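protein.txt (compact mmCIF, C-alpha atoms (C1' of nucleotides))
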```
# COMPACT_ATOMS: atom_id res chain seq x y z
CA MET A 1409 16.24 -46.54 -7.12
CA ARG A 1410 14.99 -47.87 -10.43
CA PRO A 1411 12.48 -50.73 -10.02
CA ARG A 1412 13.44 -54.37 -10.61
CA ARG A 1413 10.50 -55.62 -12.60
CA ALA A 1414 10.61 -55.00 -16.33
CA ASP A 1415 7.22 -53.34 -16.68
CA ALA A 1416 7.92 -51.13 -13.70
CA ARG A 1417 11.22 -50.05 -15.21
CA ARG A 1418 9.52 -49.23 -18.48
CA ASN A 1419 6.88 -47.11 -16.77
CA TYR A 1420 9.52 -45.42 -14.67
CA ASP A 1421 11.49 -44.42 -17.73
CA GLN A 1422 8.44 -43.24 -19.61
CA LEU A 1423 7.43 -41.13 -16.64
CA VAL A 1424 10.84 -39.49 -16.45
CA ALA A 1425 10.79 -38.80 -20.18
CA ALA A 1426 7.30 -37.33 -20.07
CA ALA A 1427 8.22 -35.27 -17.03
CA ALA A 1428 11.30 -33.91 -18.76
CA THR A 1429 9.31 -32.51 -21.66
CA ALA A 1430 6.53 -31.27 -19.39
CA PHE A 1431 8.91 -29.46 -17.06
CA ALA A 1432 10.72 -27.97 -20.03
CA ARG A 1433 7.50 -26.66 -21.50
CA GLU A 1434 5.53 -25.61 -18.42
CA GLY A 1435 8.09 -25.23 -15.65
CA ALA A 1436 8.51 -27.16 -12.44
CA ASP A 1437 4.84 -26.91 -11.49
CA ALA A 1438 3.55 -28.82 -14.49
CA SER A 1439 0.53 -31.04 -13.88
CA LEU A 1440 1.50 -34.44 -12.55
CA GLU A 1441 -1.71 -35.99 -13.88
CA GLU A 1442 -0.86 -34.72 -17.34
CA ILE A 1443 2.62 -36.18 -17.07
CA ALA A 1444 1.15 -39.56 -16.15
CA ARG A 1445 -1.29 -39.28 -19.05
CA GLN A 1446 1.52 -38.49 -21.50
CA ALA A 1447 3.50 -41.40 -20.16
CA GLY A 1448 0.53 -43.70 -20.70
CA VAL A 1449 0.22 -44.76 -17.07
CA GLY A 1450 -2.26 -44.13 -14.28
CA SER A 1451 -1.59 -41.33 -11.88
CA ALA A 1452 -1.26 -43.83 -9.04
CA THR A 1453 1.75 -45.32 -10.78
CA LEU A 1454 3.41 -41.95 -10.93
CA HIS A 1455 2.86 -41.40 -7.22
CA ARG A 1456 4.13 -44.86 -6.40
CA HIS A 1457 7.39 -44.31 -8.24
CA PHE A 1458 7.77 -40.69 -7.15
CA PRO A 1459 6.22 -39.93 -3.77
CA SER A 1460 6.77 -36.20 -4.22
CA ARG A 1461 7.17 -33.72 -7.04
CA GLN A 1462 10.69 -33.19 -5.79
CA ALA A 1463 11.50 -36.87 -6.33
CA LEU A 1464 10.39 -36.61 -9.93
CA LEU A 1465 12.41 -33.43 -10.46
CA ASN A 1466 15.43 -35.18 -8.97
CA ALA A 1467 15.08 -38.09 -11.37
CA VAL A 1468 14.71 -35.79 -14.36
CA PHE A 1469 17.65 -33.54 -13.60
CA HIS A 1470 20.01 -35.95 -11.90
CA GLY A 1471 22.12 -36.44 -14.98
CA ARG A 1472 22.49 -32.76 -15.76
CA VAL A 1473 23.35 -31.98 -12.16
CA GLU A 1474 25.98 -34.66 -12.27
CA ALA A 1475 27.53 -32.98 -15.29
CA LEU A 1476 27.65 -29.66 -13.46
CA CYS A 1477 29.30 -31.34 -10.50
CA GLN A 1478 31.90 -32.90 -12.72
CA GLN A 1479 32.68 -29.52 -14.21
CA ALA A 1480 33.17 -28.20 -10.70
CA ASP A 1481 35.54 -31.01 -9.88
CA GLU A 1482 37.60 -30.27 -12.97
CA LEU A 1483 37.76 -26.57 -12.14
CA ALA A 1484 38.78 -27.42 -8.60
CA GLY A 1485 42.13 -28.46 -10.01
CA SER A 1486 42.69 -25.03 -11.54
CA ALA A 1487 45.64 -22.90 -10.45
CA ASP A 1488 43.44 -19.83 -9.93
CA PRO A 1489 40.72 -20.61 -7.41
CA GLY A 1490 39.06 -17.21 -7.81
CA PRO A 1491 38.39 -17.36 -11.54
CA ALA A 1492 37.62 -21.05 -11.20
CA LEU A 1493 34.74 -20.24 -8.88
CA THR A 1494 33.33 -17.41 -10.94
CA THR A 1495 33.65 -19.40 -14.13
CA TRP A 1496 31.72 -22.25 -12.60
CA LEU A 1497 29.12 -19.93 -11.12
CA ARG A 1498 28.48 -18.32 -14.48
CA ALA A 1499 28.29 -21.68 -16.20
CA LEU A 1500 25.91 -22.92 -13.54
CA GLY A 1501 23.78 -19.81 -13.81
CA ALA A 1502 23.61 -19.92 -17.57
CA TYR A 1503 22.66 -23.57 -17.56
CA VAL A 1504 20.09 -23.34 -14.82
CA ALA A 1505 18.48 -20.27 -16.35
CA SER A 1506 18.20 -21.97 -19.72
CA THR A 1507 16.74 -25.19 -18.34
CA ARG A 1508 13.22 -24.69 -17.16
CA GLY A 1509 12.42 -26.35 -13.87
CA LEU A 1510 16.02 -27.05 -12.95
CA ALA A 1511 16.16 -24.17 -10.49
CA SER A 1512 13.35 -25.72 -8.46
CA SER A 1513 15.41 -28.85 -8.22
CA LEU A 1514 18.27 -27.02 -6.52
CA VAL A 1515 16.49 -25.42 -3.59
CA PRO A 1516 17.31 -27.03 -0.26
CA SER A 1517 14.80 -29.62 0.92
CA THR A 1518 14.71 -32.78 2.94
CA ASP A 1519 14.75 -35.24 0.05
CA ASN A 1520 16.66 -33.19 -2.47
CA GLU A 1521 19.58 -35.19 -3.70
CA CYS A 1522 20.43 -32.74 -6.49
CA HIS A 1523 20.87 -29.90 -4.05
CA ARG A 1524 23.23 -31.94 -1.92
CA MET A 1525 25.30 -32.92 -4.93
CA ILE A 1526 25.71 -29.36 -6.12
CA VAL A 1527 26.55 -28.11 -2.65
CA ARG A 1528 29.16 -30.77 -2.22
CA ALA A 1529 30.77 -30.00 -5.57
CA GLY A 1530 30.61 -26.25 -5.26
CA ASP A 1531 31.85 -26.15 -1.70
CA GLY A 1532 35.26 -27.30 -2.82
CA LEU A 1533 35.53 -24.34 -5.18
CA VAL A 1534 34.35 -21.89 -2.55
CA ILE A 1535 36.78 -23.16 0.08
CA ARG A 1536 39.70 -22.83 -2.27
CA ALA A 1537 38.63 -19.40 -3.45
CA ARG A 1538 38.23 -18.27 0.13
CA ALA A 1539 41.65 -19.57 1.07
CA ALA A 1540 43.09 -17.63 -1.86
CA GLY A 1541 41.40 -14.46 -0.67
CA ALA A 1542 39.27 -14.27 -3.80
CA VAL A 1543 35.92 -14.18 -2.01
CA ARG A 1544 34.86 -12.70 1.28
CA PRO A 1545 35.20 -15.04 4.22
CA GLU A 1546 31.49 -15.01 5.07
CA VAL A 1547 30.40 -16.16 1.61
CA SER A 1548 29.19 -19.75 1.58
CA ILE A 1549 28.21 -22.10 -1.20
CA ASP A 1550 24.66 -21.89 0.10
CA ASP A 1551 24.68 -18.15 -0.42
CA LEU A 1552 25.88 -18.45 -3.96
CA LEU A 1553 23.53 -21.27 -4.82
CA THR A 1554 20.63 -19.32 -3.40
CA LEU A 1555 21.57 -16.34 -5.53
CA VAL A 1556 21.80 -18.43 -8.69
CA THR A 1557 18.52 -20.22 -8.17
CA ALA A 1558 16.74 -17.07 -7.01
CA ILE A 1559 17.78 -15.17 -10.12
CA SER A 1560 16.92 -18.08 -12.38
CA MET A 1561 13.49 -18.54 -10.90
CA ALA A 1562 12.78 -14.83 -11.04
CA VAL A 1563 13.66 -14.71 -14.71
CA GLU A 1564 12.16 -18.09 -15.53
CA HIS A 1565 8.49 -17.27 -15.65
CA ASN A 1566 9.05 -13.81 -17.02
CA PRO A 1567 8.47 -12.85 -20.63
CA GLY A 1568 10.28 -14.75 -23.36
CA GLU A 1569 14.06 -14.75 -23.41
CA GLY A 1570 15.35 -14.48 -19.87
CA GLY A 1571 18.64 -16.29 -20.37
CA THR A 1572 20.74 -13.24 -21.14
CA GLU A 1573 18.98 -11.28 -18.42
CA ALA A 1574 19.86 -13.96 -15.91
CA GLU A 1575 23.51 -13.81 -16.93
CA ARG A 1576 23.60 -10.05 -16.53
CA LEU A 1577 21.97 -10.19 -13.11
CA LEU A 1578 24.33 -12.88 -11.94
CA GLY A 1579 27.21 -10.77 -13.20
CA LEU A 1580 25.96 -7.92 -11.03
CA ALA A 1581 25.70 -10.15 -8.01
CA ILE A 1582 29.23 -11.45 -8.51
CA ASP A 1583 30.98 -8.15 -9.17
CA GLY A 1584 28.58 -5.74 -7.48
CA ILE A 1585 26.57 -2.94 -8.98
CA HIS A 1586 29.33 -0.37 -8.70
CA PRO A 1587 31.47 0.63 -11.69
CA ARG A 1588 34.87 -0.55 -10.42
CA ALA A 1589 34.55 -3.67 -12.51
CA ALA A 1590 36.90 -6.42 -11.43
CA ALA A 1591 35.66 -8.56 -14.35
CA MET B 250 -11.48 1.63 -6.35
CA ARG B 251 -13.36 1.11 -3.13
CA PRO B 252 -17.07 0.36 -3.65
CA ARG B 253 -19.78 2.98 -3.05
CA ARG B 254 -22.36 1.00 -1.19
CA ALA B 255 -21.86 0.67 2.55
CA ASP B 256 -22.14 -3.12 2.76
CA ALA B 257 -19.79 -3.52 -0.17
CA ARG B 258 -17.25 -1.26 1.47
CA ARG B 259 -17.47 -3.25 4.66
CA ASN B 260 -16.93 -6.54 2.86
CA TYR B 261 -14.08 -5.03 0.87
CA ASP B 262 -12.30 -3.93 4.02
CA GLN B 263 -12.86 -7.23 5.78
CA LEU B 264 -11.46 -9.06 2.78
CA VAL B 265 -8.34 -6.92 2.74
CA ALA B 266 -7.86 -7.44 6.47
CA ALA B 267 -8.33 -11.20 6.21
CA ALA B 268 -6.00 -11.32 3.21
CA ALA B 269 -3.33 -9.40 5.09
CA THR B 270 -3.19 -11.91 7.90
CA ALA B 271 -3.46 -14.86 5.52
CA PHE B 272 -0.63 -13.63 3.31
CA ALA B 273 1.47 -12.90 6.37
CA ARG B 274 0.97 -16.40 7.69
CA GLU B 275 0.96 -18.53 4.54
CA GLY B 276 2.64 -16.40 1.89
CA ALA B 277 1.25 -14.97 -1.32
CA ASP B 278 -0.31 -18.25 -2.42
CA ALA B 279 -2.70 -18.52 0.50
CA SER B 280 -6.11 -19.99 -0.24
CA LEU B 281 -8.54 -17.41 -1.54
CA GLU B 282 -11.50 -19.46 -0.33
CA GLU B 283 -10.05 -19.48 3.15
CA ILE B 284 -9.59 -15.71 3.02
CA ALA B 285 -13.22 -15.27 2.02
CA ARG B 286 -14.24 -17.62 4.82
CA GLN B 287 -12.24 -15.68 7.40
CA ALA B 288 -13.73 -12.44 6.12
CA GLY B 289 -17.20 -13.92 6.53
CA VAL B 290 -18.20 -13.51 2.89
CA GLY B 291 -18.83 -15.87 0.01
CA SER B 292 -16.01 -16.62 -2.38
CA ALA B 293 -17.96 -14.96 -5.18
CA THR B 294 -17.78 -11.67 -3.32
CA LEU B 295 -14.04 -11.93 -3.10
CA HIS B 296 -13.76 -12.55 -6.82
CA ARG B 297 -16.10 -9.68 -7.60
CA HIS B 298 -14.02 -7.19 -5.64
CA PHE B 299 -10.67 -8.62 -6.69
CA PRO B 300 -10.72 -10.25 -10.13
CA SER B 301 -7.23 -11.65 -9.65
CA ARG B 302 -4.97 -12.64 -6.80
CA GLN B 303 -2.70 -9.84 -7.90
CA ALA B 304 -5.49 -7.31 -7.35
CA LEU B 305 -5.91 -8.51 -3.79
CA LEU B 306 -2.17 -8.38 -3.18
CA ASN B 307 -2.12 -4.85 -4.52
CA ALA B 308 -4.89 -3.78 -2.18
CA VAL B 309 -3.16 -5.34 0.81
CA PHE B 310 0.27 -3.90 0.18
CA HIS B 311 -0.57 -0.60 -1.44
CA GLY B 312 -0.02 1.39 1.73
CA ARG B 313 3.32 -0.16 2.56
CA VAL B 314 4.53 0.29 -1.01
CA GLU B 315 3.52 3.92 -0.83
CA ALA B 316 5.67 4.35 2.26
CA LEU B 317 8.65 2.82 0.48
CA CYS B 318 8.10 5.17 -2.45
CA GLN B 319 8.00 8.14 -0.16
CA GLN B 320 11.25 7.07 1.40
CA ALA B 321 12.75 6.94 -2.09
CA ASP B 322 11.54 10.42 -2.86
CA GLU B 323 13.13 11.74 0.31
CA LEU B 324 16.43 10.05 -0.45
CA ALA B 325 16.31 11.44 -3.97
CA GLY B 326 17.04 14.83 -2.46
CA SER B 327 20.24 13.55 -0.89
CA ALA B 328 23.58 15.08 -1.83
CA ASP B 329 25.16 11.64 -2.39
CA PRO B 330 23.19 9.71 -5.02
CA GLY B 331 25.30 6.59 -4.62
CA PRO B 332 24.72 5.98 -0.91
CA ALA B 333 21.15 7.17 -1.34
CA LEU B 334 20.47 4.34 -3.75
CA THR B 335 22.17 1.65 -1.71
CA THR B 336 20.50 2.86 1.47
CA TRP B 337 17.10 2.66 -0.16
CA LEU B 338 17.86 -0.72 -1.69
CA ARG B 339 18.81 -2.17 1.66
CA ALA B 340 15.77 -0.68 3.33
CA LEU B 341 13.59 -2.07 0.56
CA GLY B 342 15.21 -5.48 0.80
CA ALA B 343 14.90 -5.64 4.56
CA TYR B 344 11.29 -4.64 4.46
CA VAL B 345 10.28 -6.92 1.62
CA ALA B 346 12.09 -9.88 3.13
CA SER B 347 10.38 -9.37 6.47
CA THR B 348 6.91 -8.99 4.99
CA ARG B 349 5.61 -12.26 3.67
CA GLY B 350 3.84 -12.00 0.34
CA LEU B 351 5.09 -8.53 -0.45
CA ALA B 352 7.71 -9.79 -2.86
CA SER B 353 5.04 -11.38 -5.05
CA SER B 354 3.37 -8.02 -5.21
CA LEU B 355 6.44 -6.43 -6.79
CA VAL B 356 7.01 -8.71 -9.76
CA PRO B 357 6.12 -7.12 -13.09
CA SER B 358 2.67 -7.95 -14.37
CA THR B 359 -0.07 -6.35 -16.41
CA ASP B 360 -2.25 -5.16 -13.56
CA ASN B 361 0.42 -4.62 -10.93
CA GLU B 362 0.11 -1.10 -9.63
CA CYS B 363 2.59 -1.68 -6.78
CA HIS B 364 5.31 -2.67 -9.19
CA ARG B 365 4.79 0.45 -11.24
CA MET B 366 4.90 2.66 -8.17
CA ILE B 367 8.15 1.18 -6.93
CA VAL B 368 9.76 1.35 -10.34
CA ARG B 369 8.79 4.97 -10.73
CA ALA B 370 10.15 5.90 -7.32
CA GLY B 371 13.33 3.85 -7.58
CA ASP B 372 14.13 4.96 -11.09
CA GLY B 373 14.84 8.46 -9.87
CA LEU B 374 17.44 7.16 -7.46
CA VAL B 375 19.05 4.97 -10.11
CA ILE B 376 19.24 7.77 -12.66
CA ARG B 377 20.92 10.08 -10.21
CA ALA B 378 23.31 7.41 -9.01
CA ARG B 379 24.20 6.56 -12.58
CA ALA B 380 24.83 10.21 -13.44
CA ALA B 381 27.12 10.42 -10.45
CA GLY B 382 29.05 7.37 -11.64
CA ALA B 383 28.06 5.38 -8.59
CA VAL B 384 26.52 2.47 -10.49
CA ARG B 385 27.37 0.87 -13.77
CA PRO B 386 25.60 2.40 -16.74
CA GLU B 387 23.79 -0.78 -17.72
CA VAL B 388 22.16 -1.24 -14.32
CA SER B 389 18.43 -0.47 -14.38
CA ILE B 390 15.83 -0.21 -11.66
CA ASP B 391 14.27 -3.35 -13.11
CA ASP B 392 17.51 -5.22 -12.52
CA LEU B 393 17.73 -4.11 -8.94
CA LEU B 394 14.10 -4.75 -8.21
CA THR B 395 14.37 -8.20 -9.70
CA LEU B 396 17.35 -8.94 -7.48
CA VAL B 397 15.57 -7.76 -4.36
CA THR B 398 12.38 -9.69 -5.04
CA ALA B 399 14.25 -12.77 -6.19
CA ILE B 400 16.31 -12.90 -3.02
CA SER B 401 13.30 -12.23 -0.83
CA MET B 402 11.23 -14.94 -2.45
CA ALA B 403 14.08 -17.42 -2.27
CA VAL B 404 14.51 -16.78 1.43
CA GLU B 405 10.81 -16.40 2.14
CA HIS B 406 9.68 -20.01 2.15
CA ASN B 407 12.90 -21.29 3.59
CA PRO B 408 13.27 -22.40 7.18
CA GLY B 409 12.54 -19.94 9.97
CA GLU B 410 14.41 -16.68 10.13
CA GLY B 411 15.41 -15.58 6.66
CA GLY B 412 15.47 -11.83 7.25
CA THR B 413 19.12 -11.55 8.12
CA GLU B 414 20.03 -14.00 5.38
CA ALA B 415 18.23 -11.83 2.85
CA GLU B 416 20.16 -8.77 4.02
CA ARG B 417 23.47 -10.56 3.68
CA LEU B 418 22.63 -11.83 0.19
CA LEU B 419 21.52 -8.40 -0.94
CA GLY B 420 24.74 -7.00 0.45
CA LEU B 421 26.65 -9.47 -1.70
CA ALA B 422 24.69 -8.50 -4.79
CA ILE B 423 25.32 -4.81 -4.18
CA ASP B 424 29.03 -4.97 -3.43
CA GLY B 425 29.97 -8.22 -5.14
CA ILE B 426 31.32 -11.38 -3.66
CA HIS B 427 34.94 -10.30 -3.79
CA PRO B 428 36.76 -8.97 -0.73
CA ARG B 429 37.46 -5.41 -1.95
CA ALA B 430 34.56 -4.20 0.17
CA ALA B 431 33.29 -0.77 -0.81
CA ALA B 432 30.87 -0.90 2.18
C1' DG C 1181 3.42 -73.56 -15.69
C1' DC C 1182 2.17 -72.00 -11.27
C1' DA C 1183 1.97 -69.62 -7.02
C1' DG C 1184 2.92 -65.55 -4.94
C1' DA C 1185 4.70 -61.25 -5.03
C1' DA C 1186 4.95 -56.99 -7.41
C1' DA C 1187 2.95 -53.53 -9.99
C1' DC C 1188 -1.04 -51.43 -12.09
C1' DG C 1189 -4.87 -48.00 -12.54
C1' DG C 1190 -9.86 -46.76 -12.06
C1' DG C 1191 -12.15 -44.12 -9.29
C1' DG C 1192 -13.23 -41.59 -4.99
C1' DC C 1193 -12.09 -37.78 -1.73
C1' DG C 1194 -11.08 -33.25 -0.59
C1' DG C 1195 -9.42 -28.77 -2.03
C1' DC C 1196 -8.94 -25.13 -5.11
C1' DC C 1197 -10.32 -21.42 -8.45
C1' DC C 1198 -13.81 -19.34 -10.97
C1' DC C 1199 -18.43 -18.06 -12.22
C1' DC C 1200 -23.68 -18.33 -12.90
C1' DC C 1201 -27.84 -16.69 -11.32
C1' DG C 1202 -31.70 -16.48 -8.02
C1' DT C 1203 -32.06 -13.79 -3.74
C1' DT C 1204 -31.25 -10.08 -0.55
C1' DT C 1205 -30.20 -5.35 0.61
C1' DA C 1206 -28.89 -0.53 0.31
C1' DT C 1207 -30.00 3.79 -1.83
C1' DC C 1208 -32.53 7.62 -3.68
C1' DG C 1209 -36.31 10.21 -5.25
C1' DT C 1210 -40.77 11.30 -4.04
C1' DA D 38 -41.75 6.83 5.12
C1' DC D 39 -41.64 3.87 1.42
C1' DG D 40 -41.42 1.65 -2.84
C1' DA D 41 -38.70 0.90 -7.19
C1' DT D 42 -34.39 -0.10 -9.00
C1' DA D 43 -29.88 -1.07 -9.23
C1' DA D 44 -26.17 -2.96 -6.66
C1' DA D 45 -24.25 -6.50 -4.12
C1' DC D 46 -24.46 -11.06 -2.14
C1' DG D 47 -23.38 -16.11 -1.81
C1' DG D 48 -24.75 -21.03 -2.42
C1' DG D 49 -23.48 -24.21 -5.21
C1' DG D 50 -21.73 -26.43 -9.54
C1' DG D 51 -17.98 -27.31 -13.01
C1' DG D 52 -13.39 -28.26 -14.00
C1' DC D 53 -8.86 -29.36 -12.58
C1' DC D 54 -5.73 -30.95 -9.34
C1' DG D 55 -2.97 -34.00 -5.98
C1' DC D 56 -3.25 -37.98 -3.37
C1' DC D 57 -4.45 -42.67 -2.12
C1' DC D 58 -7.32 -47.11 -1.49
C1' DC D 59 -7.88 -51.54 -3.10
C1' DG D 60 -9.56 -54.97 -6.46
C1' DT D 61 -7.27 -56.63 -10.69
C1' DT D 62 -3.57 -57.77 -13.79
C1' DT D 63 1.11 -59.00 -14.88
C1' DC D 64 5.70 -60.50 -14.15
C1' DT D 65 9.18 -63.84 -12.32
C1' DG D 66 11.73 -67.60 -9.89
C1' DC D 67 11.19 -72.19 -8.90
```
How would this structure read if it were set down as structure tokens?
Amino acid sequence: MRPRRADARRNYDQLVAAAATAFAREGADASLEEIARQAGVGSATLHRHFPSRQALLNAVFHGRVEALCQQADELAGSADPGPALTTWLRALGAYVASTRGLASSLVPSTDNECHRMIVRAGDGLVIRARAAGAVRPEVSIDDLLTLVTAISMAVEHNPGEGGTEAERLLGLAIDGIHPRAAA
Amino acid sequence: MRPRRADARRNYDQLVAAAATAFAREGADASLEEIARQAGVGSATLHRHFPSRQALLNAVFHGRVEALCQQADELAGSADPGPALTTWLRALGAYVASTRGLASSLVPSTDNECHRMIVRAGDGLVIRARAAGAVRPEVSIDDLLTLVTAISMAVEHNPGEGGTEAERLLGLAIDGIHPRAAA
DNA sequence: GCAGAAACGGGGCGGCCCCCCGTTTATCGT
DNA sequence: ACGATAAACGGGGGGCCGCCCCGTTTCTGC
């Protein structure tokens, strides 16, 4: 994935770094030209290394997604599949909501490696939770991931501090809006 | 709101009509220039009548939002505030998910009349449901509206038929992901 | 050190949003 | 009926963007 020539590798890394700060500051639809400018390369170089915005998002967030997957794998060994799933979901939601642009990197798409990774990791938790009777049979990892990303994106470009709001909304979606809290 | 001069009224109406089909086909981020072109007017005319994209969205969806508000008012007279709220929420979700671009017209914003209308109508249902103990005290109409629009937007630009998917996801958010279905 | 491959980036193209301002058109009072 | 005036129109330009062509520069393996 990373280029072989030294100068190309350097540009690649500078682009990813510039993109990381740009996405953090302006969201996933930051200007690609500005990212190239900040990285000190021509825009053509950016497009050569990253044919699509999605590819750049993947490169930026690959590491963080890997960490989330690892957390899922650890929780998969838990004795209580139900709480394991909800714990992971809340952690995922909190992290995604607090990391601008990450949500856009988790929506399904043809060349979206991050999405595939998360699905693969989370599916294990969902299957175990389902087998334990802790979630409804028709609930899939895609459903849950869609909920998490949808909530994050909705809160993302809203006023100021949306992190706590995202957590509350995800809590509603997990336990339902009715009072019989199963917390 | 609608202009006084006859030619201006005609252009206004043609713009709204063209915008309706454009939003339906391409979503809320359809090209404004293309809408003006389809309406047979210059782009300046579009921007004079509708200073922002939001203003155009409002004009297009005002009628449908009004209908949803009326439905809420009718349900507010129901004897069972809990089911009244969930019934309205599902109807809202189904309608928003099946009407491309509508979701974008319901996100909070400074000049968003549609959002205010829906909030006002839905708040009555939420207050009554809360008083009846049918929803948790901390749940607000803003929370619910955010969930509905977030789910709709997430499903909206996904592959093909997302309507049923949106209904299922909203069902999850209302009743929770756990099996103790309160239908 | 050199040849060839690999990478670079200036600059052009088309599209978009937004707005200025000279021109056209509807309206209203007479 | 018609002319004056205000209202509305829209071509076209500016700025920004994503994308890509292709002549030039730079690295690397022998």
Radius query 7 Å about (-21.1, -13.8, -0.9), atoms used: all atoms listed in the file, as a ChimeraX atom specification: /B:290-294 /D:46-47
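When all atoms listed in the file are used to measure the gap to chain D, the shortest distance among A:Leu1578, A:Ala1511, A:Leu1440, A:Ala1537 belongs to A:Leu1440.
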Counting all atoms listed in the file, give me one row per residue of chain A with an atom at most 12 Å from an atom of chain C, showing the shortest contact pair and its distance in Å to one decimal, sorted by chain then residue number, as JSON lines.
```
{"residue": "A:Pro1411", "atom": "CA", "partner": "C:DA1187", "partner_atom": "C1'", "distance": 9.9}
{"residue": "A:Arg1412", "atom": "CA", "partner": "C:DA1186", "partner_atom": "C1'", "distance": 9.4}
{"residue": "A:Arg1413", "atom": "CA", "partner": "C:DA1186", "partner_atom": "C1'", "distance": 7.7}
{"residue": "A:Ala1414", "atom": "CA", "partner": "C:DA1187", "partner_atom": "C1'", "distance": 10.1}
{"residue": "A:Asp1415", "atom": "CA", "partner": "C:DA1187", "partner_atom": "C1'", "distance": 7.9}
{"residue": "A:Ala1416", "atom": "CA", "partner": "C:DA1187", "partner_atom": "C1'", "distance": 6.7}
{"residue": "A:Arg1417", "atom": "CA", "partner": "C:DA1187", "partner_atom": "C1'", "distance": 10.4}
{"residue": "A:Arg1418", "atom": "CA", "partner": "C:DA1187", "partner_atom": "C1'", "distance": 11.6}
{"residue": "A:Asn1419", "atom": "CA", "partner": "C:DA1187", "partner_atom": "C1'", "distance": 10.1}
{"residue": "A:Tyr1420", "atom": "CA", "partner": "C:DA1187", "partner_atom": "C1'", "distance": 11.4}
{"residue": "A:Ala1444", "atom": "CA", "partner": "C:DG1189", "partner_atom": "C1'", "distance": 11.0}
{"residue": "A:Arg1445", "atom": "CA", "partner": "C:DG1189", "partner_atom": "C1'", "distance": 11.5}
{"residue": "A:Gly1448", "atom": "CA", "partner": "C:DG1189", "partner_atom": "C1'", "distance": 10.7}
{"residue": "A:Val1449", "atom": "CA", "partner": "C:DG1189", "partner_atom": "C1'", "distance": 7.5}
{"residue": "A:Gly1450", "atom": "CA", "partner": "C:DG1189", "partner_atom": "C1'", "distance": 5.0}
{"residue": "A:Ser1451", "atom": "CA", "partner": "C:DG1189", "partner_atom": "C1'", "distance": 7.5}
{"residue": "A:Ala1452", "atom": "CA", "partner": "C:DG1189", "partner_atom": "C1'", "distance": 6.5}
{"residue": "A:Thr1453", "atom": "CA", "partner": "C:DC1188", "partner_atom": "C1'", "distance": 6.8}
{"residue": "A:Leu1454", "atom": "CA", "partner": "C:DG1189", "partner_atom": "C1'", "distance": 10.4}
{"residue": "A:His1455", "atom": "CA", "partner": "C:DG1189", "partner_atom": "C1'", "distance": 11.5}
{"residue": "A:Arg1456", "atom": "CA", "partner": "C:DA1187", "partner_atom": "C1'", "distance": 9.5}
{"residue": "A:His1457", "atom": "CA", "partner": "C:DA1187", "partner_atom": "C1'", "distance": 10.4}
```
Output as CSV one row per residue of chain B within 6 Å of chain A: the closest atom pair and its distance in Å to one decimal place, counting only C-alpha atoms, sorted by chain and residue number ascending.
```
residue,atom,partner,partner_atom,distance
B:Ala383,CA,A:His1586,CA,5.9
B:Val384,CA,A:His1586,CA,4.4
B:Arg385,CA,A:Pro1587,CA,4.6
B:Ala399,CA,A:Ala1558,CA,5.0
B:Ile400,CA,A:Ala1558,CA,5.8
B:Ala403,CA,A:Ala1558,CA,5.4
B:Ala422,CA,A:Ala1581,CA,3.8
B:Ile423,CA,A:Gly1584,CA,4.7
B:Asp424,CA,A:Gly1584,CA,4.1
B:Gly425,CA,A:Gly1584,CA,3.7
B:Ile426,CA,A:Ile1582,CA,5.3
B:His427,CA,A:Val1543,CA,4.4
B:Pro428,CA,A:Arg1544,CA,4.6
```
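Considering all atoms listed in the file, the residue among D:DG55, D:DG66, D:DG40, D:DG50 positioned nearest to chain A is D:DG55.
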How close does each residue of chain D get to chain B, giving the shortest atom pair and distance in Å to one decimal for every residue with an atom at most 12 Å away, counting all atoms listed in the file, sorted by chain and residue number, as JSON lines?
```
{"residue": "D:DA43", "atom": "C1'", "partner": "B:Arg254", "partner_atom": "CA", "distance": 11.2}
{"residue": "D:DA44", "atom": "C1'", "partner": "B:Arg254", "partner_atom": "CA", "distance": 7.8}
{"residue": "D:DA45", "atom": "C1'", "partner": "B:Ala257", "partner_atom": "CA", "distance": 6.7}
{"residue": "D:DC46", "atom": "C1'", "partner": "B:Thr294", "partner_atom": "CA", "distance": 6.8}
{"residue": "D:DG47", "atom": "C1'", "partner": "B:Gly291", "partner_atom": "CA", "distance": 4.9}
{"residue": "D:DG48", "atom": "C1'", "partner": "B:Gly291", "partner_atom": "CA", "distance": 8.2}
{"residue": "D:DG49", "atom": "C1'", "partner": "B:Ala293", "partner_atom": "CA", "distance": 10.8}
```
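In this structure, atom CA of A:Ala1475 sits 21.5 Å away from atom CA of A:Ala1430.
Interatomic distance, atom CA of B:Ala328 against atom CA of B:Leu355: 27.9 Å.
Atom to atom, atom CA of A:Ser1513 and atom CA of A:Phe1469 stand 7.5 Å apart.
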Close residues, B:Val368 itself excluded, 9 Å, all atoms listed in the file, min 6 positions apart in chain, as a PyMOL selection string: chain B and resi 318+390-391+394
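For B:Glu323, the residues within 12 Å (counting all atoms listed in the file, excluding itself and residues fewer than 5 positions away along the chain) are Ala316, Leu317, Cys318, Ala328, Pro330, Ala333, Leu334, Thr336, Trp337, Ala370, Gly371, Gly373 and Leu374 of chain B.
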Report, as JSON, the axis-aligned box around all atoms of stretch 1500-1514 of chain A present in the file, extended by 6 Å on each side; give centre and edge lengths in Å to one decimal place.
```
{"center_x": 19.2, "center_y": -24.3, "center_z": -13.1, "size_x": 25.5, "size_y": 21.0, "size_z": 25.2}
```
